[in-house]
Every structure is written in C-alpha cells, then in structure tokens.
file start20.cif (mmCIF, C-alpha atoms)
data_my_file
#
loop_
_atom_site.group_PDB
_atom_site.id
_atom_site.type_symbol
_atom_site.label_atom_id
_atom_site.label_comp_id
_atom_site.auth_asym_id
_atom_site.auth_seq_id
_atom_site.Cartn_x
_atom_site.Cartn_y
_atom_site.Cartn_z
ATOM 1 C CA MET A 1 2.745 23.693 15.358
ATOM 2 C CA ALA A 2 0.756 26.251 13.407
ATOM 3 C CA GLU A 3 -2.205 24.964 11.433
ATOM 4 C CA GLY A 4 -0.380 25.743 8.196
ATOM 5 C CA ILE A 5 3.120 24.711 7.147
ATOM 6 C CA VAL A 6 5.889 27.220 7.797
ATOM 7 C CA PRO A 7 9.072 27.895 5.790
ATOM 8 C CA GLY A 8 11.826 25.425 6.663
ATOM 9 C CA GLU A 9 9.351 22.767 7.761
ATOM 10 C CA ARG A 10 9.513 19.347 6.115
ATOM 11 C CA LEU A 11 6.629 18.052 4.018
ATOM 12 C CA VAL A 12 6.292 14.543 2.619
ATOM 13 C CA ILE A 13 4.926 14.218 -0.906
ATOM 14 C CA ALA A 14 3.041 10.944 -0.580
ATOM 15 C CA SER A 15 3.856 9.598 -4.021
ATOM 16 C CA HIS A 16 6.321 7.230 -5.678
ATOM 17 C CA ASN A 17 5.681 8.823 -9.091
ATOM 18 C CA PRO A 18 8.776 10.948 -9.964
ATOM 19 C CA GLY A 19 6.857 13.156 -12.425
ATOM 20 C CA LYS A 20 4.152 13.933 -9.902
ATOM 21 C CA VAL A 21 6.675 14.564 -7.103
ATOM 22 C CA ARG A 22 8.659 16.919 -9.349
ATOM 23 C CA GLU A 23 5.552 18.892 -10.315
ATOM 24 C CA ILE A 24 4.357 19.291 -6.725
ATOM 25 C CA ALA A 25 7.872 20.160 -5.512
ATOM 26 C CA GLU A 26 8.058 22.952 -8.111
ATOM 27 C CA LEU A 27 4.704 24.294 -6.960
ATOM 28 C CA MET A 28 5.883 24.248 -3.315
ATOM 29 C CA GLU A 29 9.209 25.981 -4.025
ATOM 30 C CA PRO A 30 8.033 29.572 -3.357
ATOM 31 C CA PHE A 31 7.031 28.637 0.208
ATOM 32 C CA GLY A 32 10.522 27.589 1.309
ATOM 33 C CA ILE A 33 9.230 24.235 2.530
ATOM 34 C CA GLN A 34 11.580 21.244 2.461
ATOM 35 C CA VAL A 35 9.990 18.563 0.303
ATOM 36 C CA LEU A 36 10.675 14.844 0.735
ATOM 37 C CA SER A 37 9.080 12.069 -1.304
ATOM 38 C CA ALA A 38 7.560 8.856 -0.006
ATOM 39 C CA GLY A 39 9.998 7.033 -2.300
ATOM 40 C CA GLU A 40 13.022 8.751 -0.696
ATOM 41 C CA LEU A 41 11.761 7.763 2.755
ATOM 42 C CA GLU A 42 10.980 4.222 1.547
ATOM 43 C CA LEU A 43 7.406 4.503 2.786
ATOM 44 C CA PRO A 44 4.998 1.757 1.732
ATOM 45 C CA GLU A 45 2.371 2.490 -0.911
ATOM 46 C CA PRO A 46 -1.074 1.979 0.639
ATOM 47 C CA GLU A 47 -3.752 0.158 -1.302
ATOM 48 C CA GLU A 48 -6.030 2.676 -3.001
ATOM 49 C CA THR A 49 -9.437 1.397 -1.940
ATOM 50 C CA GLY A 50 -11.308 4.701 -2.189
ATOM 51 C CA ARG A 51 -14.157 5.264 -4.640
ATOM 52 C CA THR A 52 -13.191 8.849 -5.454
ATOM 53 C CA PHE A 53 -10.034 10.867 -6.086
ATOM 54 C CA ALA A 54 -10.544 12.639 -2.742
ATOM 55 C CA GLU A 55 -10.835 9.372 -0.817
ATOM 56 C CA ASN A 56 -7.681 7.933 -2.385
ATOM 57 C CA ALA A 57 -5.706 11.142 -1.831
ATOM 58 C CA THR A 58 -6.753 11.091 1.834
ATOM 59 C CA LEU A 59 -5.702 7.447 2.237
ATOM 60 C CA LYS A 60 -2.237 8.135 0.829
ATOM 61 C CA ALA A 61 -1.646 11.363 2.760
ATOM 62 C CA GLU A 62 -2.743 9.910 6.100
ATOM 63 C CA SER A 63 -0.656 6.770 5.587
ATOM 64 C CA ALA A 64 2.483 8.808 4.813
ATOM 65 C CA ALA A 65 1.910 11.265 7.673
ATOM 66 C CA GLU A 66 1.501 8.421 10.148
ATOM 67 C CA ALA A 67 4.564 6.527 8.884
ATOM 68 C CA ALA A 68 6.850 9.580 8.731
ATOM 69 C CA GLY A 69 5.475 11.572 11.667
ATOM 70 C CA LEU A 70 5.428 14.626 9.385
ATOM 71 C CA PRO A 71 2.815 16.589 7.436
ATOM 72 C CA ALA A 72 2.124 14.818 4.145
ATOM 73 C CA LEU A 73 0.592 16.046 0.907
ATOM 74 C CA SER A 74 -0.902 13.550 -1.489
ATOM 75 C CA ASP A 75 -2.253 13.942 -4.980
ATOM 76 C CA ASP A 76 -4.746 11.597 -6.544
ATOM 77 C CA SER A 77 -5.532 12.507 -10.087
ATOM 78 C CA GLY A 78 -6.656 10.984 -13.308
ATOM 79 C CA LEU A 79 -8.323 11.279 -16.665
ATOM 80 C CA VAL A 80 -12.105 11.102 -16.880
ATOM 81 C CA VAL A 81 -13.686 10.327 -20.266
ATOM 82 C CA PRO A 82 -17.490 10.742 -20.210
ATOM 83 C CA ALA A 83 -17.917 8.676 -23.410
ATOM 84 C CA LEU A 84 -16.264 5.763 -21.551
ATOM 85 C CA ASP A 85 -18.601 6.123 -18.561
ATOM 86 C CA GLY A 86 -15.944 8.029 -16.660
ATOM 87 C CA GLU A 87 -13.098 5.607 -17.280
ATOM 88 C CA PRO A 88 -10.202 5.384 -16.636
ATOM 89 C CA GLY A 89 -10.963 7.754 -13.727
ATOM 90 C CA ILE A 90 -9.510 6.619 -10.413
ATOM 91 C CA TYR A 91 -7.919 3.681 -12.257
ATOM 92 C CA SER A 92 -5.909 5.936 -14.611
ATOM 93 C CA ALA A 93 -2.543 4.700 -13.312
ATOM 94 C CA ARG A 94 -3.654 1.058 -13.339
ATOM 95 C CA TRP A 95 -4.467 1.267 -17.047
ATOM 96 C CA ALA A 96 -0.718 1.779 -17.568
ATOM 97 C CA GLY A 97 -0.053 -1.679 -16.108
ATOM 98 C CA PRO A 98 2.681 -2.774 -13.701
ATOM 99 C CA ASP A 99 5.372 -1.182 -15.887
ATOM 100 C CA LYS A 100 3.619 2.239 -15.797
ATOM 101 C CA ASP A 101 3.474 2.228 -19.598
ATOM 102 C CA PHE A 102 1.281 5.218 -20.400
ATOM 103 C CA GLY A 103 1.783 4.672 -24.110
ATOM 104 C CA LEU A 104 -0.175 1.468 -23.560
ATOM 105 C CA ALA A 105 -2.755 3.326 -21.457
ATOM 106 C CA MET A 106 -3.280 5.977 -24.150
ATOM 107 C CA ASP A 107 -3.665 3.229 -26.774
ATOM 108 C CA LYS A 108 -6.334 1.629 -24.604
ATOM 109 C CA VAL A 109 -8.277 4.885 -24.234
ATOM 110 C CA ASN A 110 -8.149 5.552 -27.973
ATOM 111 C CA GLU A 111 -9.113 1.977 -28.836
ATOM 112 C CA LYS A 112 -12.121 2.052 -26.510
ATOM 113 C CA LEU A 113 -13.262 5.372 -27.980
ATOM 114 C CA GLY A 114 -13.109 3.919 -31.494
ATOM 115 C CA ASP A 115 -14.973 6.145 -33.945
ATOM 116 C CA SER A 116 -16.792 8.087 -31.231
ATOM 117 C CA ARG A 117 -17.143 11.779 -32.057
ATOM 118 C CA ASP A 118 -17.317 12.593 -28.375
ATOM 119 C CA ARG A 119 -13.666 13.097 -27.460
ATOM 120 C CA HIS A 120 -14.355 15.345 -24.473
ATOM 121 C CA ALA A 121 -12.325 14.524 -21.372
ATOM 122 C CA TYR A 122 -11.146 16.193 -18.214
ATOM 123 C CA PHE A 123 -8.391 15.777 -15.679
ATOM 124 C CA VAL A 124 -9.267 15.843 -11.988
ATOM 125 C CA CYS A 125 -6.846 16.389 -9.127
ATOM 126 C CA ALA A 126 -7.523 15.991 -5.418
ATOM 127 C CA LEU A 127 -4.810 17.202 -3.034
ATOM 128 C CA ALA A 128 -5.010 15.953 0.548
ATOM 129 C CA LEU A 129 -2.960 17.435 3.373
ATOM 130 C CA ALA A 130 -2.623 15.241 6.452
ATOM 131 C CA GLN A 131 -0.980 16.642 9.571
ATOM 132 C CA PRO A 132 -0.404 14.569 12.714
ATOM 133 C CA GLY A 133 -3.109 15.437 15.228
ATOM 134 C CA ARG A 134 -5.167 17.514 12.789
ATOM 135 C CA GLU A 135 -8.076 16.967 10.446
ATOM 136 C CA THR A 136 -7.105 16.119 6.863
ATOM 137 C CA ARG A 137 -7.954 18.807 4.314
ATOM 138 C CA VAL A 138 -8.772 18.181 0.638
ATOM 139 C CA PHE A 139 -8.455 20.649 -2.265
ATOM 140 C CA GLU A 140 -9.759 19.802 -5.759
ATOM 141 C CA GLY A 141 -9.194 21.081 -9.303
ATOM 142 C CA ARG A 142 -10.355 20.190 -12.810
ATOM 143 C CA VAL A 143 -9.387 21.099 -16.377
ATOM 144 C CA ASP A 144 -11.472 20.207 -19.454
ATOM 145 C CA GLY A 145 -10.241 19.385 -22.922
ATOM 146 C CA THR A 146 -10.317 17.080 -25.936
ATOM 147 C CA LEU A 147 -8.443 13.846 -26.605
ATOM 148 C CA VAL A 148 -6.284 13.902 -29.738
ATOM 149 C CA TRP A 149 -4.753 11.045 -31.694
ATOM 150 C CA PRO A 150 -1.932 10.358 -32.262
ATOM 151 C CA PRO A 151 -0.392 11.666 -29.013
ATOM 152 C CA ARG A 152 1.694 14.839 -29.356
ATOM 153 C CA GLY A 153 4.752 15.910 -27.392
ATOM 154 C CA SER A 154 7.193 14.308 -24.990
ATOM 155 C CA LEU A 155 6.879 16.726 -22.079
ATOM 156 C CA GLY A 156 4.712 16.129 -19.023
ATOM 157 C CA PHE A 157 3.782 12.578 -18.085
ATOM 158 C CA GLY A 158 0.884 10.135 -18.023
ATOM 159 C CA TYR A 159 -1.892 10.971 -20.503
ATOM 160 C CA ASP A 160 -0.545 14.484 -21.176
ATOM 161 C CA PRO A 161 0.410 13.877 -24.852
ATOM 162 C CA MET A 162 -3.189 13.084 -25.841
ATOM 163 C CA PHE A 163 -4.895 15.832 -23.827
ATOM 164 C CA LEU A 164 -5.587 19.150 -25.542
ATOM 165 C CA PRO A 165 -6.939 21.623 -22.959
ATOM 166 C CA ASP A 166 -9.849 23.805 -24.038
ATOM 167 C CA GLY A 167 -8.781 27.026 -25.739
ATOM 168 C CA ARG A 168 -5.211 25.839 -26.407
ATOM 169 C CA GLN A 169 -3.307 24.691 -29.494
ATOM 170 C CA GLU A 170 -0.783 22.500 -27.661
ATOM 171 C CA THR A 171 -1.354 19.306 -25.714
ATOM 172 C CA PHE A 172 -0.067 19.066 -22.157
ATOM 173 C CA GLY A 173 2.689 16.909 -23.664
ATOM 174 C CA GLU A 174 3.817 19.777 -25.908
ATOM 175 C CA MET A 175 3.408 22.562 -23.391
ATOM 176 C CA ASP A 176 6.241 24.245 -21.527
ATOM 177 C CA PRO A 177 6.008 23.015 -17.906
ATOM 178 C CA ALA A 178 5.530 26.553 -16.571
ATOM 179 C CA GLU A 179 2.580 27.077 -18.924
ATOM 180 C CA LYS A 180 1.043 23.751 -17.942
ATOM 181 C CA HIS A 181 1.492 24.574 -14.248
ATOM 182 C CA ALA A 182 -0.549 27.734 -14.777
ATOM 183 C CA ILE A 183 -3.664 25.960 -16.057
ATOM 184 C CA SER A 184 -3.544 22.296 -15.038
ATOM 185 C CA HIS A 185 -5.967 20.478 -12.740
ATOM 186 C CA ARG A 186 -3.107 20.139 -10.242
ATOM 187 C CA ALA A 187 -2.410 23.887 -10.422
ATOM 188 C CA ARG A 188 -6.074 24.681 -9.818
ATOM 189 C CA ALA A 189 -6.224 22.397 -6.773
ATOM 190 C CA PHE A 190 -2.918 23.844 -5.625
ATOM 191 C CA ARG A 191 -4.244 27.400 -5.857
ATOM 192 C CA ASP A 192 -6.936 26.507 -3.310
ATOM 193 C CA PHE A 193 -4.274 24.853 -1.153
ATOM 194 C CA GLU A 194 -2.024 27.900 -1.510
ATOM 195 C CA THR A 195 -4.845 30.241 -0.457
ATOM 196 C CA TRP A 196 -5.459 28.126 2.642
ATOM 197 C CA LEU A 197 -1.718 27.882 3.376
ATOM 198 C CA ARG A 198 -1.301 31.661 3.318
ATOM 199 C CA ARG A 199 -4.306 32.156 5.596
ATOM 200 C CA ALA A 200 -3.274 29.391 7.990
ATOM 201 C CA GLY A 201 0.302 30.644 8.165
#
call {"tool": "encode", "arguments": {"input": "start20.cif", "output": "structure tokens"}}
result
Amino acid sequence: MAEGIVPGERLVIASHNPGKVREIAELMEPFGIQVLSAGELELPEPEETGRTFAENATLKAESAAEAAGLPALSDDSGLVVPALDGEPGIYSARWAGPDKDFGLAMDKVNEKLGDSRDRHAYFVCALALAQPGRETRVFEGRVDGTLVWPPRGSLGFGYDPMFLPDGRQETFGEMDPAEKHAISHRARAFRDFETWLRRAG
C-alpha cells in the first residue's frame, strides 16, 4: 500500500459523533476515498486518557485502525478558554454530559466566565491518521475568536453557536457550512493533512 490513501480506498473516521463524521466526510469527498464511521462499523470507543488533543486523537485513530484493519482518521478537538485556565479543553465533550447536551455545556462556560471581560477563546483540532504497519501522523489546526452570549445560530454543532471567529460577524453556528469549512480549526488541520496526502499519493 502506498504511504498515502488512494482513491477508492476505504478510510474509517474514528468517531461516533455524527456532526464530526459529516464534516470530515465532506472534506474527504474530493479525494474519492470511501469513508466509513466507527459507529457504522460498531467499533468500541476507547477511553480518552491522553493529556493533549494530539494524544487523544492518536489513541482513537490507532484503536479504530487496529479493530477495522483499515486506515483510520481521528479528530480530537475542543474549545480552549484562557480565562478558565484552558477549560474545557480536552474535556469539551464531557462538559456536555452523557446526553451530549451542548446547550448545557455552553451555559457552563458562560456561567464560569461570569462578568469577565476576557472572552477570548480558540478551537483546536488534532487529526491523527493511523495506518496498519505505519507510523501514526498528526496534523493540527487552531482558530481564534470571542465567546458571545446568548448563543447565535442553529448550524454547526458543539460550541459553534457561541464562538465568533476573529474578523467575522457570524458565529460558527450562523455560518454556512462551506464558509465554516474554509476557516475552521478542523479545516486548517485538514489542509496540512491534504498537503501530505497529495505528496504521499
């Protein structure tokens, strides 16, 4: 097998989050690669014991690649709020609770910020590609912005409705998906992945 991933080859998206799978699948579409999700394949969700986004992405990708016997791409991403000492960070999904209620998670972020004037935040994304018999590769991206309240928009997912990227008038929750894909933390990590994929192919 070539170091990269060739058109027609199958790739597992190591996530059970439908929104995340959909976003990554859309980004992969131009490459003609057949995308499967960990949920479709009924793969177990490994415990995220890493201390960084990159470590957790690597854990998930390697677990899926081993279980499926296929290349696997994992995304670990989250919202970092400096005024909250970096929280929720790698625990961004856990703040939404067992029901994945991100309305609750956004309430928690806003409540903890209180009257703080420092509303700066940034999203981080680490993409890990694990291929059987090869070294796992990690690609990272970041986008900075400001947290708004109340949340705005019903597009996107997670903390998107409260995140206003720098230089924009619309939150990620209000933004057309194509526009978000062009500037998001995931898109920036994906651009590095795409550059590698074209070279490796």
call {"tool": "closest_residue", "arguments": {"input": "start20.cif", "among": "A:Lys112, A:Pro151, A:Leu70, A:Thr49", "to": "A:Tyr91", "atoms": "only C-alpha atoms"}}
result
A:Thr49
call {"tool": "atom_distance", "arguments": {"input": "start20.cif", "atom1": "atom CA of A:Gly158", "atom2": "atom CA of A:Ala93"}}
result
8.0 Å
call {"tool": "residues_around", "arguments": {"input": "start20.cif", "residues": "A:Cys125", "least_positions_apart": "2", "cutoff": "6 Å", "atoms": "all atoms listed in the file", "output": "PDB file with C-alpha atoms, keeping the file's coordinate frame"}}
result
ATOM      1  CA  ASP A  76      -4.746  11.597  -6.544  1.00  0.00           C
ATOM      2  CA  SER A  77      -5.532  12.507 -10.087  1.00  0.00           C
ATOM      3  CA  GLU A 140      -9.759  19.802  -5.759  1.00  0.00           C
ATOM      4  CA  GLY A 141      -9.194  21.081  -9.303  1.00  0.00           C
ATOM      5  CA  HIS A 185      -5.967  20.478 -12.740  1.00  0.00           C
ATOM      6  CA  ARG A 186      -3.107  20.139 -10.242  1.00  0.00           C
TER       7      ARG A 186
END
call {"tool": "residues_around", "arguments": {"input": "start20.cif", "residues": "A:Arg168", "least_positions_apart": "4", "cutoff": "12 Å", "atoms": "all atoms listed in the file", "output": "PDB file with C-alpha atoms, in the frame of the given file"}}
result
ATOM      1  CA  VAL A 143      -9.387  21.099 -16.377  1.00  0.00           C
ATOM      2  CA  ASP A 144     -11.472  20.207 -19.454  1.00  0.00           C
ATOM      3  CA  GLY A 145     -10.241  19.385 -22.922  1.00  0.00           C
ATOM      4  CA  THR A 146     -10.317  17.080 -25.936  1.00  0.00           C
ATOM      5  CA  PHE A 163      -4.895  15.832 -23.827  1.00  0.00           C
ATOM      6  CA  LEU A 164      -5.587  19.150 -25.542  1.00  0.00           C
ATOM      7  CA  PHE A 172      -0.067  19.066 -22.157  1.00  0.00           C
ATOM      8  CA  GLU A 174       3.817  19.777 -25.908  1.00  0.00           C
ATOM      9  CA  MET A 175       3.408  22.562 -23.391  1.00  0.00           C
ATOM     10  CA  GLU A 179       2.580  27.077 -18.924  1.00  0.00           C
ATOM     11  CA  LYS A 180       1.043  23.751 -17.942  1.00  0.00           C
ATOM     12  CA  ILE A 183      -3.664  25.960 -16.057  1.00  0.00           C
TER      13      ILE A 183
END
call {"tool": "closest_residue", "arguments": {"input": "start20.cif", "among": "A:Arg117, A:Arg199, A:Arg94, A:Lys60", "to": "A:Thr136", "atoms": "all atoms listed in the file"}}
result
A:Lys60
call {"tool": "closest_residue", "arguments": {"input": "start20.cif", "among": "A:Phe139, A:Trp149, A:Phe123, A:Trp196", "to": "A:Gly78", "atoms": "only C-alpha atoms"}}
result
A:Phe123
call {"tool": "residues_around", "arguments": {"input": "start20.cif", "residues": "A:Ala25", "least_positions_apart": "5", "cutoff": "9 Å", "atoms": "all atoms listed in the file", "output": "ChimeraX atom specification"}}
result
/A:13,20,34-36
call {"tool": "residues_around", "arguments": {"input": "start20.cif", "residues": "A:Ala83", "least_positions_apart": "6", "cutoff": "12 Å", "atoms": "only C-alpha atoms", "output": "compact mmCIF listing (two decimals) with C-alpha atoms, in the frame of the given file"}}
result
# COMPACT_ATOMS: atom_id res chain seq x y z
CA GLY A 89 -10.96 7.75 -13.73
CA VAL A 109 -8.28 4.88 -24.23
CA ASN A 110 -8.15 5.55 -27.97
CA LYS A 112 -12.12 2.05 -26.51
CA LEU A 113 -13.26 5.37 -27.98
CA GLY A 114 -13.11 3.92 -31.49
CA ASP A 115 -14.97 6.14 -33.94
CA SER A 116 -16.79 8.09 -31.23
CA ARG A 117 -17.14 11.78 -32.06
CA ASP A 118 -17.32 12.59 -28.38
CA ARG A 119 -13.67 13.10 -27.46
CA HIS A 120 -14.36 15.34 -24.47
CA ALA A 121 -12.32 14.52 -21.37
CA TYR A 122 -11.15 16.19 -18.21
CA THR A 146 -10.32 17.08 -25.94
CA LEU A 147 -8.44 13.85 -26.60
call {"tool": "closest_residue", "arguments": {"input": "start20.cif", "among": "A:Ile90, A:Leu129, A:Ala178, A:Val80", "to": "A:Gly156", "atoms": "all atoms listed in the file"}}
result
A:Ala178
call {"tool": "closest_atom_pairs", "arguments": {"input": "start20.cif", "of": "stretch 35-109 of chain A", "to": "stretch 6-10 of chain A", "cutoff": "12 Å", "atoms": "all atoms listed in the file", "output": "JSON lines"}}
result
{"residue": "A:Val35", "atom": "CA", "partner": "A:Arg10", "partner_atom": "CA", "distance": 5.9}
{"residue": "A:Leu36", "atom": "CA", "partner": "A:Arg10", "partner_atom": "CA", "distance": 7.1}
{"residue": "A:Ser37", "atom": "CA", "partner": "A:Arg10", "partner_atom": "CA", "distance": 10.4}
{"residue": "A:Ala65", "atom": "CA", "partner": "A:Arg10", "partner_atom": "CA", "distance": 11.2}
{"residue": "A:Ala68", "atom": "CA", "partner": "A:Arg10", "partner_atom": "CA", "distance": 10.5}
{"residue": "A:Gly69", "atom": "CA", "partner": "A:Arg10", "partner_atom": "CA", "distance": 10.4}
{"residue": "A:Leu70", "atom": "CA", "partner": "A:Arg10", "partner_atom": "CA", "distance": 7.0}
{"residue": "A:Pro71", "atom": "CA", "partner": "A:Arg10", "partner_atom": "CA", "distance": 7.4}
{"residue": "A:Ala72", "atom": "CA", "partner": "A:Arg10", "partner_atom": "CA", "distance": 8.9}
{"residue": "A:Leu73", "atom": "CA", "partner": "A:Arg10", "partner_atom": "CA", "distance": 10.8}
call {"tool": "residues_near_point", "arguments": {"input": "start20.cif", "point": "(7.1, 6.0, -16.4)", "cutoff": "8 Å", "atoms": "only C-alpha atoms", "output": "PyMOL selection string"}}
result
chain A and resi 17+99-102+157-158
call {"tool": "atom_distance", "arguments": {"input": "start20.cif", "atom1": "atom CA of A:Pro46", "atom2": "atom CA of A:Pro98"}}
result
15.6 Å
call {"tool": "atom_distance", "arguments": {"input": "start20.cif", "atom1": "atom CA of A:Val21", "atom2": "atom CA of A:Arg152"}}
result
22.8 Å
call {"tool": "axis_aligned_box", "arguments": {"input": "start20.cif", "around": "stretch 40-46 of chain A", "padding_each_side": "4 Å", "output": "AutoDock Vina command-line options"}}
result
--center_x 6.0 --center_y 5.3 --center_z 0.9 --size_x 22.1 --size_y 15.0 --size_z 11.7
call {"tool": "closest_residue", "arguments": {"input": "start20.cif", "among": "A:Arg51, A:His181, A:Arg198, A:His16", "to": "A:Ser74", "atoms": "all atoms listed in the file"}}
result
A:His16
call {"tool": "resolve_selection", "arguments": {"input": "start20.cif", "expression": "the PyMOL selection byres ((chain A and resi 63) around 9)", "output": "MDAnalysis selection string"}}
result
chainID A and resid 14 43:46 58:62 64:68 72 130
call {"tool": "closest_residue", "arguments": {"input": "start20.cif", "among": "A:Leu41, A:Ala54, A:Ser92, A:Asp176", "to": "A:Leu127", "atoms": "all atoms listed in the file"}}
result
A:Ala54
call {"tool": "decode", "arguments": {"input": "start20.cif", "residues": "stretch 134-161 of chain A", "atoms": "C-alpha atoms", "output": "tab-separated table (two decimals), in the first residue's frame"}}
result
chain	number	residue	atom	x	y	z
A	134	ARG	CA	2.92	2.55	9.61
A	135	GLU	CA	3.74	5.37	11.99
A	136	THR	CA	0.75	7.49	13.04
A	137	ARG	CA	0.80	11.05	11.73
A	138	VAL	CA	-0.77	14.06	13.46
A	139	PHE	CA	-1.89	17.35	11.86
A	140	GLU	CA	-3.05	20.31	13.98
A	141	GLY	CA	-5.07	23.50	13.41
A	142	ARG	CA	-6.36	26.39	15.50
A	143	VAL	CA	-8.81	29.27	15.06
A	144	ASP	CA	-9.15	32.19	17.50
A	145	GLY	CA	-12.26	34.13	18.37
A	146	THR	CA	-14.55	35.57	21.03
A	147	LEU	CA	-17.34	33.94	23.03
A	148	VAL	CA	-20.73	35.62	22.64
A	149	TRP	CA	-23.85	35.32	24.77
A	150	PRO	CA	-26.57	34.34	24.13
A	151	PRO	CA	-25.59	31.68	21.56
A	152	ARG	CA	-26.46	32.51	17.94
A	153	GLY	CA	-27.45	30.16	15.13
A	154	SER	CA	-28.50	26.55	14.79
A	155	LEU	CA	-25.94	25.39	12.24
A	156	GLY	CA	-22.74	23.55	13.10
A	157	PHE	CA	-22.55	21.61	16.36
A	158	GLY	CA	-20.98	21.66	19.81
A	159	TYR	CA	-19.93	25.14	20.98
A	160	ASP	CA	-20.31	26.68	17.50
A	161	PRO	CA	-23.26	28.98	18.37
